[in-house]
file query-v9.pdb (PDB, C-alpha atoms and all ligand atoms)
MODEL        1
ATOM      1  CA  MET A  14       5.224 -22.050   6.856  1.00  0.00           C
ATOM      2  CA  ARG A  15       7.334 -22.107   3.722  1.00  0.00           C
ATOM      3  CA  CYS A  16       5.776 -23.376   0.520  1.00  0.00           C
ATOM      4  CA  MET A  17       8.339 -25.474  -1.306  1.00  0.00           C
ATOM      5  CA  SER A  18       6.611 -26.802  -4.395  1.00  0.00           C
ATOM      6  CA  ASP A  19       8.297 -26.110  -7.743  1.00  0.00           C
ATOM      7  CA  ASP A  20       5.508 -23.638  -8.508  1.00  0.00           C
ATOM      8  CA  HIS A  21       6.497 -21.508  -5.545  1.00  0.00           C
ATOM      9  CA  THR A  22      10.222 -21.891  -5.450  1.00  0.00           C
ATOM     10  CA  HIS A  23      10.919 -19.775  -8.506  1.00  0.00           C
ATOM     11  CA  VAL A  24       8.504 -17.030  -7.444  1.00  0.00           C
ATOM     12  CA  GLN A  25       9.813 -17.027  -3.872  1.00  0.00           C
ATOM     13  CA  GLU A  26      13.427 -16.814  -5.017  1.00  0.00           C
ATOM     14  CA  PHE A  27      12.693 -14.083  -7.539  1.00  0.00           C
ATOM     15  CA  PHE A  28      10.649 -11.856  -5.242  1.00  0.00           C
ATOM     16  CA  GLY A  29      12.515 -12.825  -2.080  1.00  0.00           C
ATOM     17  CA  ALA A  30      15.679 -11.344  -3.596  1.00  0.00           C
ATOM     18  CA  ARG A  31      13.851  -8.132  -4.544  1.00  0.00           C
ATOM     19  CA  ALA A  32      11.693  -7.598  -1.465  1.00  0.00           C
ATOM     20  CA  ALA A  33      14.011  -5.297   0.479  1.00  0.00           C
ATOM     21  CA  GLY A  34      14.304  -2.729  -2.309  1.00  0.00           C
ATOM     22  CA  TRP A  35      10.806  -3.154  -3.746  1.00  0.00           C
ATOM     23  CA  ASP A  36       9.183   0.065  -2.523  1.00  0.00           C
ATOM     24  CA  ARG A  37      12.266   2.169  -3.305  1.00  0.00           C
ATOM     25  CA  ARG A  38      12.127   0.993  -6.932  1.00  0.00           C
ATOM     26  CA  PHE A  39       8.630   2.397  -7.396  1.00  0.00           C
ATOM     27  CA  PRO A  40       8.286   5.372  -5.043  1.00  0.00           C
ATOM     28  CA  ASP A  41       5.670   7.315  -7.046  1.00  0.00           C
ATOM     29  CA  ASP A  42       3.035   4.640  -7.635  1.00  0.00           C
ATOM     30  CA  GLY A  43       0.795   5.446  -4.646  1.00  0.00           C
ATOM     31  CA  PRO A  44      -1.753   7.609  -6.491  1.00  0.00           C
ATOM     32  CA  ALA A  45      -2.085   5.032  -9.286  1.00  0.00           C
ATOM     33  CA  TYR A  46      -2.854   2.308  -6.740  1.00  0.00           C
ATOM     34  CA  ALA A  47      -5.390   4.544  -4.987  1.00  0.00           C
ATOM     35  CA  ALA A  48      -7.107   5.349  -8.298  1.00  0.00           C
ATOM     36  CA  ALA A  49      -7.311   1.657  -9.216  1.00  0.00           C
ATOM     37  CA  VAL A  50      -8.673   0.707  -5.783  1.00  0.00           C
ATOM     38  CA  ALA A  51     -11.356   3.392  -6.180  1.00  0.00           C
ATOM     39  CA  GLU A  52     -12.681   1.490  -9.197  1.00  0.00           C
ATOM     40  CA  LEU A  53     -13.529  -1.545  -7.073  1.00  0.00           C
ATOM     41  CA  GLY A  54     -16.535   0.348  -5.700  1.00  0.00           C
ATOM     42  CA  LEU A  55     -15.857  -0.782  -2.126  1.00  0.00           C
ATOM     43  CA  ARG A  56     -18.052   0.496   0.678  1.00  0.00           C
ATOM     44  CA  GLU A  57     -17.584   1.088   4.385  1.00  0.00           C
ATOM     45  CA  GLY A  58     -17.513  -2.321   6.073  1.00  0.00           C
ATOM     46  CA  GLY A  59     -16.565  -4.161   2.881  1.00  0.00           C
ATOM     47  CA  ARG A  60     -14.304  -7.226   2.693  1.00  0.00           C
ATOM     48  CA  VAL A  61     -11.395  -7.256   0.284  1.00  0.00           C
ATOM     49  CA  LEU A  62      -8.302  -9.319  -0.500  1.00  0.00           C
ATOM     50  CA  ASP A  63      -5.094  -8.033  -2.075  1.00  0.00           C
ATOM     51  CA  ALA A  64      -3.898 -11.168  -3.893  1.00  0.00           C
ATOM     52  CA  GLY A  65      -0.127 -11.219  -4.347  1.00  0.00           C
ATOM     53  CA  CYS A  66       0.064  -8.168  -2.091  1.00  0.00           C
ATOM     54  CA  GLY A  67       3.875  -8.076  -1.991  1.00  0.00           C
ATOM     55  CA  THR A  68       4.975  -5.292   0.337  1.00  0.00           C
ATOM     56  CA  GLY A  69       1.349  -4.218   0.704  1.00  0.00           C
ATOM     57  CA  ARG A  70       1.444  -1.105  -1.417  1.00  0.00           C
ATOM     58  CA  ALA A  71      -2.328  -1.277  -2.017  1.00  0.00           C
ATOM     59  CA  LEU A  72      -3.290  -1.988   1.586  1.00  0.00           C
ATOM     60  CA  PRO A  73      -3.560   1.648   2.805  1.00  0.00           C
ATOM     61  CA  ALA A  74      -5.937   2.520  -0.049  1.00  0.00           C
ATOM     62  CA  LEU A  75      -7.966  -0.660   0.509  1.00  0.00           C
ATOM     63  CA  ARG A  76      -8.271   0.115   4.230  1.00  0.00           C
ATOM     64  CA  ALA A  77      -9.313   3.682   3.472  1.00  0.00           C
ATOM     65  CA  ALA A  78     -12.002   2.324   1.128  1.00  0.00           C
ATOM     66  CA  VAL A  79     -13.609  -0.078   3.646  1.00  0.00           C
ATOM     67  CA  GLY A  80     -12.914   1.886   6.823  1.00  0.00           C
ATOM     68  CA  PRO A  81     -12.185   0.517  10.289  1.00  0.00           C
ATOM     69  CA  SER A  82     -15.194  -1.842  10.244  1.00  0.00           C
ATOM     70  CA  GLY A  83     -14.109  -3.488   6.990  1.00  0.00           C
ATOM     71  CA  VAL A  84     -11.871  -6.502   6.416  1.00  0.00           C
ATOM     72  CA  VAL A  85      -8.618  -6.140   4.479  1.00  0.00           C
ATOM     73  CA  LEU A  86      -6.455  -9.184   3.759  1.00  0.00           C
ATOM     74  CA  GLY A  87      -3.111  -9.314   1.978  1.00  0.00           C
ATOM     75  CA  ALA A  88      -1.991 -12.713   0.666  1.00  0.00           C
ATOM     76  CA  ASP A  89       1.435 -13.511  -0.708  1.00  0.00           C
ATOM     77  CA  VAL A  90       3.541 -16.621  -1.153  1.00  0.00           C
ATOM     78  CA  THR A  91       6.910 -14.877  -0.607  1.00  0.00           C
ATOM     79  CA  PRO A  92       7.761 -14.486   3.088  1.00  0.00           C
ATOM     80  CA  GLU A  93      10.282 -11.688   2.465  1.00  0.00           C
ATOM     81  CA  MET A  94       7.627  -9.575   0.768  1.00  0.00           C
ATOM     82  CA  LEU A  95       5.305  -9.933   3.748  1.00  0.00           C
ATOM     83  CA  ARG A  96       8.183  -9.132   6.098  1.00  0.00           C
ATOM     84  CA  GLU A  97       8.739  -5.873   4.222  1.00  0.00           C
ATOM     85  CA  ALA A  98       5.009  -5.167   4.358  1.00  0.00           C
ATOM     86  CA  ALA A  99       5.093  -5.526   8.130  1.00  0.00           C
ATOM     87  CA  ARG A 100       8.282  -3.461   8.375  1.00  0.00           C
ATOM     88  CA  ALA A 101       6.470  -0.663   6.517  1.00  0.00           C
ATOM     89  CA  GLY A 102       3.589  -0.904   9.022  1.00  0.00           C
ATOM     90  CA  ARG A 103       1.109  -2.159   6.449  1.00  0.00           C
ATOM     91  CA  ASP A 104       0.058  -4.970   8.754  1.00  0.00           C
ATOM     92  CA  HIS A 105      -1.919  -2.202  10.504  1.00  0.00           C
ATOM     93  CA  ASP A 106      -3.969  -1.706   7.335  1.00  0.00           C
ATOM     94  CA  GLY A 107      -4.637  -5.381   6.673  1.00  0.00           C
ATOM     95  CA  THR A 108      -4.058  -8.923   7.900  1.00  0.00           C
ATOM     96  CA  LEU A 109      -1.121 -10.524   6.119  1.00  0.00           C
ATOM     97  CA  LEU A 110      -1.436 -14.161   5.026  1.00  0.00           C
ATOM     98  CA  LEU A 111       1.485 -16.278   3.840  1.00  0.00           C
ATOM     99  CA  THR A 112      -0.380 -18.352   1.299  1.00  0.00           C
ATOM    100  CA  ASP A 113      -0.647 -19.331  -2.332  1.00  0.00           C
ATOM    101  CA  VAL A 114      -3.631 -17.890  -4.169  1.00  0.00           C
ATOM    102  CA  ALA A 115      -4.077 -21.393  -5.583  1.00  0.00           C
ATOM    103  CA  ALA A 116      -5.506 -22.496  -2.212  1.00  0.00           C
ATOM    104  CA  LEU A 117      -6.868 -19.591  -0.221  1.00  0.00           C
ATOM    105  CA  PRO A 118      -7.687 -20.216   3.461  1.00  0.00           C
ATOM    106  CA  LEU A 119     -11.005 -18.400   3.072  1.00  0.00           C
ATOM    107  CA  ARG A 120     -14.661 -19.393   3.029  1.00  0.00           C
ATOM    108  CA  PRO A 121     -16.632 -19.432  -0.225  1.00  0.00           C
ATOM    109  CA  SER A 122     -18.233 -16.090  -1.154  1.00  0.00           C
ATOM    110  CA  SER A 123     -16.676 -14.382   1.856  1.00  0.00           C
ATOM    111  CA  LEU A 124     -15.297 -11.321   0.015  1.00  0.00           C
ATOM    112  CA  ASP A 125     -16.715  -8.366  -1.916  1.00  0.00           C
ATOM    113  CA  ALA A 126     -13.645  -7.865  -4.052  1.00  0.00           C
ATOM    114  CA  VAL A 127     -10.133  -8.973  -4.917  1.00  0.00           C
ATOM    115  CA  PHE A 128      -7.390  -6.603  -6.018  1.00  0.00           C
ATOM    116  CA  ALA A 129      -4.384  -8.179  -7.754  1.00  0.00           C
ATOM    117  CA  ALA A 130      -1.497  -5.968  -8.875  1.00  0.00           C
ATOM    118  CA  GLY A 131       1.250  -7.518 -10.953  1.00  0.00           C
ATOM    119  CA  LEU A 132       0.114 -11.029 -10.041  1.00  0.00           C
ATOM    120  CA  ILE A 133      -1.396 -12.760 -13.011  1.00  0.00           C
ATOM    121  CA  ALA A 134       1.757 -13.056 -15.140  1.00  0.00           C
ATOM    122  CA  HIS A 135       3.393 -15.009 -12.310  1.00  0.00           C
ATOM    123  CA  LEU A 136       0.689 -17.633 -11.905  1.00  0.00           C
ATOM    124  CA  PRO A 137       1.645 -21.078 -13.237  1.00  0.00           C
ATOM    125  CA  ARG A 138      -1.997 -22.038 -13.774  1.00  0.00           C
ATOM    126  CA  PRO A 139      -3.894 -18.770 -14.218  1.00  0.00           C
ATOM    127  CA  ALA A 140      -7.230 -20.323 -15.190  1.00  0.00           C
ATOM    128  CA  GLU A 141      -7.283 -22.575 -12.135  1.00  0.00           C
ATOM    129  CA  ASN A 142      -6.059 -19.785  -9.878  1.00  0.00           C
ATOM    130  CA  LEU A 143      -8.643 -17.290 -11.120  1.00  0.00           C
ATOM    131  CA  ARG A 144     -11.291 -19.911 -10.397  1.00  0.00           C
ATOM    132  CA  GLU A 145      -9.997 -20.296  -6.845  1.00  0.00           C
ATOM    133  CA  ILE A 146     -10.100 -16.509  -6.417  1.00  0.00           C
ATOM    134  CA  ARG A 147     -13.663 -16.581  -7.736  1.00  0.00           C
ATOM    135  CA  ARG A 148     -14.591 -19.176  -5.107  1.00  0.00           C
ATOM    136  CA  VAL A 149     -13.956 -16.707  -2.279  1.00  0.00           C
ATOM    137  CA  VAL A 150     -15.810 -13.771  -3.880  1.00  0.00           C
ATOM    138  CA  ARG A 151     -19.580 -13.357  -3.562  1.00  0.00           C
ATOM    139  CA  PRO A 152     -21.738 -13.339  -6.694  1.00  0.00           C
ATOM    140  CA  GLY A 153     -21.582  -9.822  -8.127  1.00  0.00           C
ATOM    141  CA  GLY A 154     -18.235  -9.186  -6.430  1.00  0.00           C
ATOM    142  CA  VAL A 155     -15.389  -7.596  -8.337  1.00  0.00           C
ATOM    143  CA  LEU A 156     -11.875  -8.525  -9.439  1.00  0.00           C
ATOM    144  CA  ALA A 157      -9.302  -5.899 -10.457  1.00  0.00           C
ATOM    145  CA  LEU A 158      -6.183  -6.973 -12.335  1.00  0.00           C
ATOM    146  CA  PHE A 159      -3.891  -3.986 -12.155  1.00  0.00           C
ATOM    147  CA  HIS A 160      -0.417  -2.864 -13.085  1.00  0.00           C
ATOM    148  CA  PRO A 161       0.888   0.679 -12.637  1.00  0.00           C
ATOM    149  CA  ILE A 162       2.213   0.722 -16.198  1.00  0.00           C
ATOM    150  CA  GLY A 163       0.737  -0.624 -19.419  1.00  0.00           C
ATOM    151  CA  ARG A 164       1.733  -3.807 -21.222  1.00  0.00           C
ATOM    152  CA  ALA A 165       3.861  -2.129 -23.883  1.00  0.00           C
ATOM    153  CA  ALA A 166       5.763   0.009 -21.375  1.00  0.00           C
ATOM    154  CA  LEU A 167       6.351  -3.031 -19.151  1.00  0.00           C
ATOM    155  CA  ALA A 168       7.604  -5.135 -22.055  1.00  0.00           C
ATOM    156  CA  ALA A 169       9.991  -2.316 -23.035  1.00  0.00           C
ATOM    157  CA  ARG A 170      11.240  -2.022 -19.449  1.00  0.00           C
ATOM    158  CA  GLN A 171      11.852  -5.769 -19.373  1.00  0.00           C
ATOM    159  CA  GLY A 172      13.494  -5.775 -22.816  1.00  0.00           C
ATOM    160  CA  ARG A 173      11.029  -8.149 -24.428  1.00  0.00           C
ATOM    161  CA  GLU A 174       8.609  -8.037 -27.341  1.00  0.00           C
ATOM    162  CA  LEU A 175       4.901  -7.816 -26.793  1.00  0.00           C
ATOM    163  CA  THR A 176       3.460 -10.829 -28.596  1.00  0.00           C
ATOM    164  CA  PRO A 177      -0.171 -11.637 -29.486  1.00  0.00           C
ATOM    165  CA  ASP A 178      -0.146 -14.624 -27.127  1.00  0.00           C
ATOM    166  CA  ASP A 179       0.410 -12.292 -24.147  1.00  0.00           C
ATOM    167  CA  LEU A 180      -1.889 -13.444 -21.351  1.00  0.00           C
ATOM    168  CA  ARG A 181      -3.077  -9.894 -20.699  1.00  0.00           C
ATOM    169  CA  ALA A 182      -3.898  -9.009 -24.311  1.00  0.00           C
ATOM    170  CA  GLU A 183      -7.586  -8.102 -24.312  1.00  0.00           C
ATOM    171  CA  PRO A 184      -9.011 -11.128 -26.193  1.00  0.00           C
ATOM    172  CA  ASN A 185      -6.808 -13.578 -24.293  1.00  0.00           C
ATOM    173  CA  LEU A 186      -7.666 -12.109 -20.911  1.00  0.00           C
ATOM    174  CA  ARG A 187     -11.376 -11.901 -21.685  1.00  0.00           C
ATOM    175  CA  ALA A 188     -11.430 -15.598 -22.654  1.00  0.00           C
ATOM    176  CA  LEU A 189      -9.362 -16.575 -19.618  1.00  0.00           C
ATOM    177  CA  LEU A 190     -11.665 -14.707 -17.251  1.00  0.00           C
ATOM    178  CA  THR A 191     -14.814 -16.061 -18.885  1.00  0.00           C
ATOM    179  CA  GLY A 192     -13.512 -19.616 -18.576  1.00  0.00           C
ATOM    180  CA  ALA A 193     -12.844 -19.037 -14.882  1.00  0.00           C
ATOM    181  CA  GLY A 194     -16.347 -17.716 -14.157  1.00  0.00           C
ATOM    182  CA  TRP A 195     -15.693 -13.976 -14.423  1.00  0.00           C
ATOM    183  CA  ARG A 196     -17.251 -11.422 -16.802  1.00  0.00           C
ATOM    184  CA  MET A 197     -14.778  -8.784 -17.896  1.00  0.00           C
ATOM    185  CA  THR A 198     -16.503  -5.393 -17.645  1.00  0.00           C
ATOM    186  CA  SER A 199     -13.703  -3.014 -18.550  1.00  0.00           C
ATOM    187  CA  TYR A 200     -10.180  -3.081 -19.943  1.00  0.00           C
ATOM    188  CA  VAL A 201      -7.660  -0.238 -20.032  1.00  0.00           C
ATOM    189  CA  ASP A 202      -4.110  -0.687 -21.307  1.00  0.00           C
ATOM    190  CA  GLU A 203      -2.300   2.627 -21.607  1.00  0.00           C
ATOM    191  CA  ASP A 204       1.263   3.722 -20.845  1.00  0.00           C
ATOM    192  CA  THR A 205       0.443   4.803 -17.329  1.00  0.00           C
ATOM    193  CA  ARG A 206      -1.726   1.901 -16.278  1.00  0.00           C
ATOM    194  CA  PHE A 207      -3.210  -1.498 -16.984  1.00  0.00           C
ATOM    195  CA  LEU A 208      -6.556  -2.210 -15.359  1.00  0.00           C
ATOM    196  CA  ALA A 209      -9.003  -4.982 -16.159  1.00  0.00           C
ATOM    197  CA  LEU A 210     -12.170  -5.229 -14.087  1.00  0.00           C
ATOM    198  CA  ALA A 211     -14.375  -8.315 -13.916  1.00  0.00           C
ATOM    199  CA  VAL A 212     -17.538  -9.300 -12.082  1.00  0.00           C
ATOM    200  CA  ARG A 213     -18.108 -12.730 -10.583  1.00  0.00           C
ATOM    201  CA  ASP A 214     -20.928 -14.456 -12.400  1.00  0.00           C
ATOM    202  CA  ALA A 215     -23.728 -15.889 -10.312  1.00  0.00           C
TER     203      ALA A 215
HETATM  204  C1  LIG A 301       5.032  -8.088  -9.232  1.00  0.00           C
HETATM  205  S1  LIG A 301       4.848  -8.487  -7.524  1.00  0.00           S
HETATM  206  C2  LIG A 301       3.561  -7.334  -7.097  1.00  0.00           C
HETATM  207  C3  LIG A 301       3.470  -7.083  -5.622  1.00  0.00           C
HETATM  208  C4  LIG A 301       2.407  -6.078  -5.212  1.00  0.00           C
HETATM  209  N1  LIG A 301       1.082  -6.528  -5.605  1.00  0.00           N
HETATM  210  C5  LIG A 301       2.698  -4.722  -5.801  1.00  0.00           C
HETATM  211  O1  LIG A 301       1.918  -4.271  -6.636  1.00  0.00           O
HETATM  212  O2  LIG A 301       3.694  -4.113  -5.416  1.00  0.00           O
HETATM  213  C6  LIG A 301       3.976 -10.051  -7.563  1.00  0.00           C
HETATM  214  C7  LIG A 301       3.726 -10.636  -6.190  1.00  0.00           C
HETATM  215  O3  LIG A 301       2.907 -11.784  -6.345  1.00  0.00           O
HETATM  216  C8  LIG A 301       3.354 -12.778  -5.458  1.00  0.00           C
HETATM  217  N2  LIG A 301       2.894 -14.068  -5.966  1.00  0.00           N
HETATM  218  C9  LIG A 301       3.260 -14.678  -7.121  1.00  0.00           C
HETATM  219  N3  LIG A 301       2.619 -15.845  -7.243  1.00  0.00           N
HETATM  220  C10 LIG A 301       1.830 -15.976  -6.159  1.00  0.00           C
HETATM  221  C11 LIG A 301       0.918 -16.977  -5.718  1.00  0.00           C
HETATM  222  N4  LIG A 301       0.703 -18.090  -6.441  1.00  0.00           N
HETATM  223  N5  LIG A 301       0.260 -16.783  -4.563  1.00  0.00           N
HETATM  224  C12 LIG A 301       0.472 -15.671  -3.827  1.00  0.00           C
HETATM  225  N6  LIG A 301       1.326 -14.689  -4.185  1.00  0.00           N
HETATM  226  C13 LIG A 301       2.006 -14.837  -5.335  1.00  0.00           C
HETATM  227  C14 LIG A 301       4.848 -12.611  -5.413  1.00  0.00           C
HETATM  228  O4  LIG A 301       5.419 -13.188  -4.267  1.00  0.00           O
HETATM  229  C15 LIG A 301       4.975 -11.089  -5.451  1.00  0.00           C
HETATM  230  O5  LIG A 301       5.001 -10.541  -4.175  1.00  0.00           O
ENDMDL
END
call {"tool": "encode", "arguments": {"input": "query-v9.pdb", "output": "structure tokens", "more": "lines below"}}
Ligand SMILES: C[S@@+](CC[C@H](N)C(=O)[O-])C[C@H]1O[C@@H](n2cnc3c(N)ncnc32)[C@H](O)[C@@H]1O
result
Amino acid sequence: MRCMSDDHTHVQEFFGARAAGWDRRFPDDGPAYAAAVAELGLREGGRVLDAGCGTGRALPALRAAVGPSGVVLGADVTPEMLREAARAGRDHDGTLLLTDVAALPLRPSSLDAVFAAGLIAHLPRPAENLREIRRVVRPGGVLALFHPIGRAALAARQGRELTPDDLRAEPNLRALLTGAGWRMTSYVDEDTRFLALAVRDA
């Protein structure tokens, strides 16, 4: 399956071209991913989705958190990213799904948590997409929006200014999450990490 809508084409081209070197660009991020995953509060046997999993850098930590009896899924719309995930053996930690988070092939309330690293800025319709992610999480389940560096450091790396309309600025993100049926419970934006946690309202 190859998703060819305009929404996907840009993302697939951008990340498709970067997939092969993705892990080499960020070789030291493992502990930051593990620390962020720990904040999801997953238990043995839990069910979790890595939304926009890319090369699956979070999958080993997610598998360790839910153990062999748990369910770990990694969803991404860029085939090359999933190919790299499989090449790195991360398909042993989780089931890889080539899919858009705008239409997840999952039953309502079937997950305990969703982890999404570096995803939200790439979503064309974040409010709608966060609502779709909410659909597949049980009431009381958790969403983590993560990035291994903070907003200011990322903007500097990308050579752009951080503006007040930034989607991930605290007031903007809180309002976005609330509108999509999530309650933001914590927000950290420091040089070494960005992590917003939210709970699915009943
Ligand atoms: C910045 S990368 C982060 C990858 C990975 N989470 C990580 O931390 O290394 C963003 C990823 O989100 C994926 N993505 C973007 N929009 C998506 C969508 N609508 N549905 C599924 N995946 C998407 C891209 O293909 C890409 O792999």
call {"tool": "axis_aligned_box", "arguments": {"input": "query-v9.pdb", "around": "ligand LIG 301 (chain A)", "padding_each_side": "3 Å", "output": "JSON"}}
result
{"center_x": 2.8, "center_y": -11.1, "center_z": -6.5, "size_x": 11.2, "size_y": 20.0, "size_z": 11.4}
call {"tool": "residues_around", "arguments": {"input": "query-v9.pdb", "residues": "A:Ala101", "least_positions_apart": "6", "cutoff": "10 Å", "atoms": "all atoms listed in the file", "output": "compact mmCIF listing (two decimals) with C-alpha atoms, in the coordinates of the input"}}
result
# COMPACT_ATOMS: atom_id res chain seq x y z
CA ASP A 36 9.18 0.06 -2.52
CA THR A 68 4.97 -5.29 0.34
CA GLY A 69 1.35 -4.22 0.70
CA ARG A 70 1.44 -1.10 -1.42
CA LEU A 95 5.30 -9.93 3.75
call {"tool": "atom_distance", "arguments": {"input": "query-v9.pdb", "atom1": "atom CA of A:Asp41", "atom2": "atom C12 of ligand LIG 301 (chain A)"}}
result
23.8 Å
call {"tool": "residues_around", "arguments": {"input": "query-v9.pdb", "residues": "A:Glu203", "least_positions_apart": "5", "cutoff": "9 Å", "atoms": "all atoms listed in the file", "output": "list of chain:residue names"}}
result
A:Ile162, A:Gly163, A:Arg164, A:Ala165, A:Ala166, A:Leu208
call {"tool": "residues_around", "arguments": {"input": "query-v9.pdb", "residues": "stretch 60-67 of chain A", "least_positions_apart": "2", "cutoff": "9 Å", "atoms": "only C-alpha atoms", "output": "JSON, numbers by chain"}}
result
{"A": [28, 32, 35, 55, 56, 58, 69, 70, 71, 72, 75, 76, 79, 83, 84, 85, 86, 87, 88, 89, 90, 91, 93, 94, 95, 97, 98, 107, 109, 113, 114, 123, 124, 125, 126, 127, 128, 129, 130, 131, 132, 133, 146, 150]}
call {"tool": "write_last_selection", "arguments": {"input": "query-v9.pdb", "atoms": "C-alpha atoms", "output": "PDB file, in the coordinates of the input"}}
result
ATOM      1  CA  PHE A  28      10.649 -11.856  -5.242  1.00  0.00           C
ATOM      2  CA  ALA A  32      11.693  -7.598  -1.465  1.00  0.00           C
ATOM      3  CA  TRP A  35      10.806  -3.154  -3.746  1.00  0.00           C
ATOM      4  CA  LEU A  55     -15.857  -0.782  -2.126  1.00  0.00           C
ATOM      5  CA  ARG A  56     -18.052   0.496   0.678  1.00  0.00           C
ATOM      6  CA  GLY A  58     -17.513  -2.321   6.073  1.00  0.00           C
ATOM      7  CA  GLY A  69       1.349  -4.218   0.704  1.00  0.00           C
ATOM      8  CA  ARG A  70       1.444  -1.105  -1.417  1.00  0.00           C
ATOM      9  CA  ALA A  71      -2.328  -1.277  -2.017  1.00  0.00           C
ATOM     10  CA  LEU A  72      -3.290  -1.988   1.586  1.00  0.00           C
ATOM     11  CA  LEU A  75      -7.966  -0.660   0.509  1.00  0.00           C
ATOM     12  CA  ARG A  76      -8.271   0.115   4.230  1.00  0.00           C
ATOM     13  CA  VAL A  79     -13.609  -0.078   3.646  1.00  0.00           C
ATOM     14  CA  GLY A  83     -14.109  -3.488   6.990  1.00  0.00           C
ATOM     15  CA  VAL A  84     -11.871  -6.502   6.416  1.00  0.00           C
ATOM     16  CA  VAL A  85      -8.618  -6.140   4.479  1.00  0.00           C
ATOM     17  CA  LEU A  86      -6.455  -9.184   3.759  1.00  0.00           C
ATOM     18  CA  GLY A  87      -3.111  -9.314   1.978  1.00  0.00           C
ATOM     19  CA  ALA A  88      -1.991 -12.713   0.666  1.00  0.00           C
ATOM     20  CA  ASP A  89       1.435 -13.511  -0.708  1.00  0.00           C
ATOM     21  CA  VAL A  90       3.541 -16.621  -1.153  1.00  0.00           C
ATOM     22  CA  THR A  91       6.910 -14.877  -0.607  1.00  0.00           C
ATOM     23  CA  GLU A  93      10.282 -11.688   2.465  1.00  0.00           C
ATOM     24  CA  MET A  94       7.627  -9.575   0.768  1.00  0.00           C
ATOM     25  CA  LEU A  95       5.305  -9.933   3.748  1.00  0.00           C
ATOM     26  CA  GLU A  97       8.739  -5.873   4.222  1.00  0.00           C
ATOM     27  CA  ALA A  98       5.009  -5.167   4.358  1.00  0.00           C
ATOM     28  CA  GLY A 107      -4.637  -5.381   6.673  1.00  0.00           C
ATOM     29  CA  LEU A 109      -1.121 -10.524   6.119  1.00  0.00           C
ATOM     30  CA  ASP A 113      -0.647 -19.331  -2.332  1.00  0.00           C
ATOM     31  CA  VAL A 114      -3.631 -17.890  -4.169  1.00  0.00           C
ATOM     32  CA  SER A 123     -16.676 -14.382   1.856  1.00  0.00           C
ATOM     33  CA  LEU A 124     -15.297 -11.321   0.015  1.00  0.00           C
ATOM     34  CA  ASP A 125     -16.715  -8.366  -1.916  1.00  0.00           C
ATOM     35  CA  ALA A 126     -13.645  -7.865  -4.052  1.00  0.00           C
ATOM     36  CA  VAL A 127     -10.133  -8.973  -4.917  1.00  0.00           C
ATOM     37  CA  PHE A 128      -7.390  -6.603  -6.018  1.00  0.00           C
ATOM     38  CA  ALA A 129      -4.384  -8.179  -7.754  1.00  0.00           C
ATOM     39  CA  ALA A 130      -1.497  -5.968  -8.875  1.00  0.00           C
ATOM     40  CA  GLY A 131       1.250  -7.518 -10.953  1.00  0.00           C
ATOM     41  CA  LEU A 132       0.114 -11.029 -10.041  1.00  0.00           C
ATOM     42  CA  ILE A 133      -1.396 -12.760 -13.011  1.00  0.00           C
ATOM     43  CA  ILE A 146     -10.100 -16.509  -6.417  1.00  0.00           C
ATOM     44  CA  VAL A 150     -15.810 -13.771  -3.880  1.00  0.00           C
TER      45      VAL A 150
END
call {"tool": "closest_residue", "arguments": {"input": "query-v9.pdb", "among": "A:Asp204, A:Leu53, A:Asp104, A:Val24", "to": "A:Ala169", "atoms": "only C-alpha atoms"}}
result
A:Asp204
call {"tool": "atom_distance", "arguments": {"input": "query-v9.pdb", "atom1": "atom CA of A:Phe39", "atom2": "atom CA of A:Val201"}}
result
20.8 Å
call {"tool": "atom_distance", "arguments": {"input": "query-v9.pdb", "atom1": "atom C11 of ligand LIG 301 (chain A)", "atom2": "atom CA of A:Arg181"}}
result
17.0 Å
call {"tool": "closest_residue", "arguments": {"input": "query-v9.pdb", "among": "A:Gly29, A:Trp195, A:Ala77, A:Glu52", "to": "A:Arg96", "atoms": "only C-alpha atoms"}}
result
A:Gly29
call {"tool": "closest_residue", "arguments": {"input": "query-v9.pdb", "among": "A:Leu111, A:Ala74, A:Ala188, A:Leu210", "to": "A:Ala157", "atoms": "only C-alpha atoms"}}
result
A:Leu210
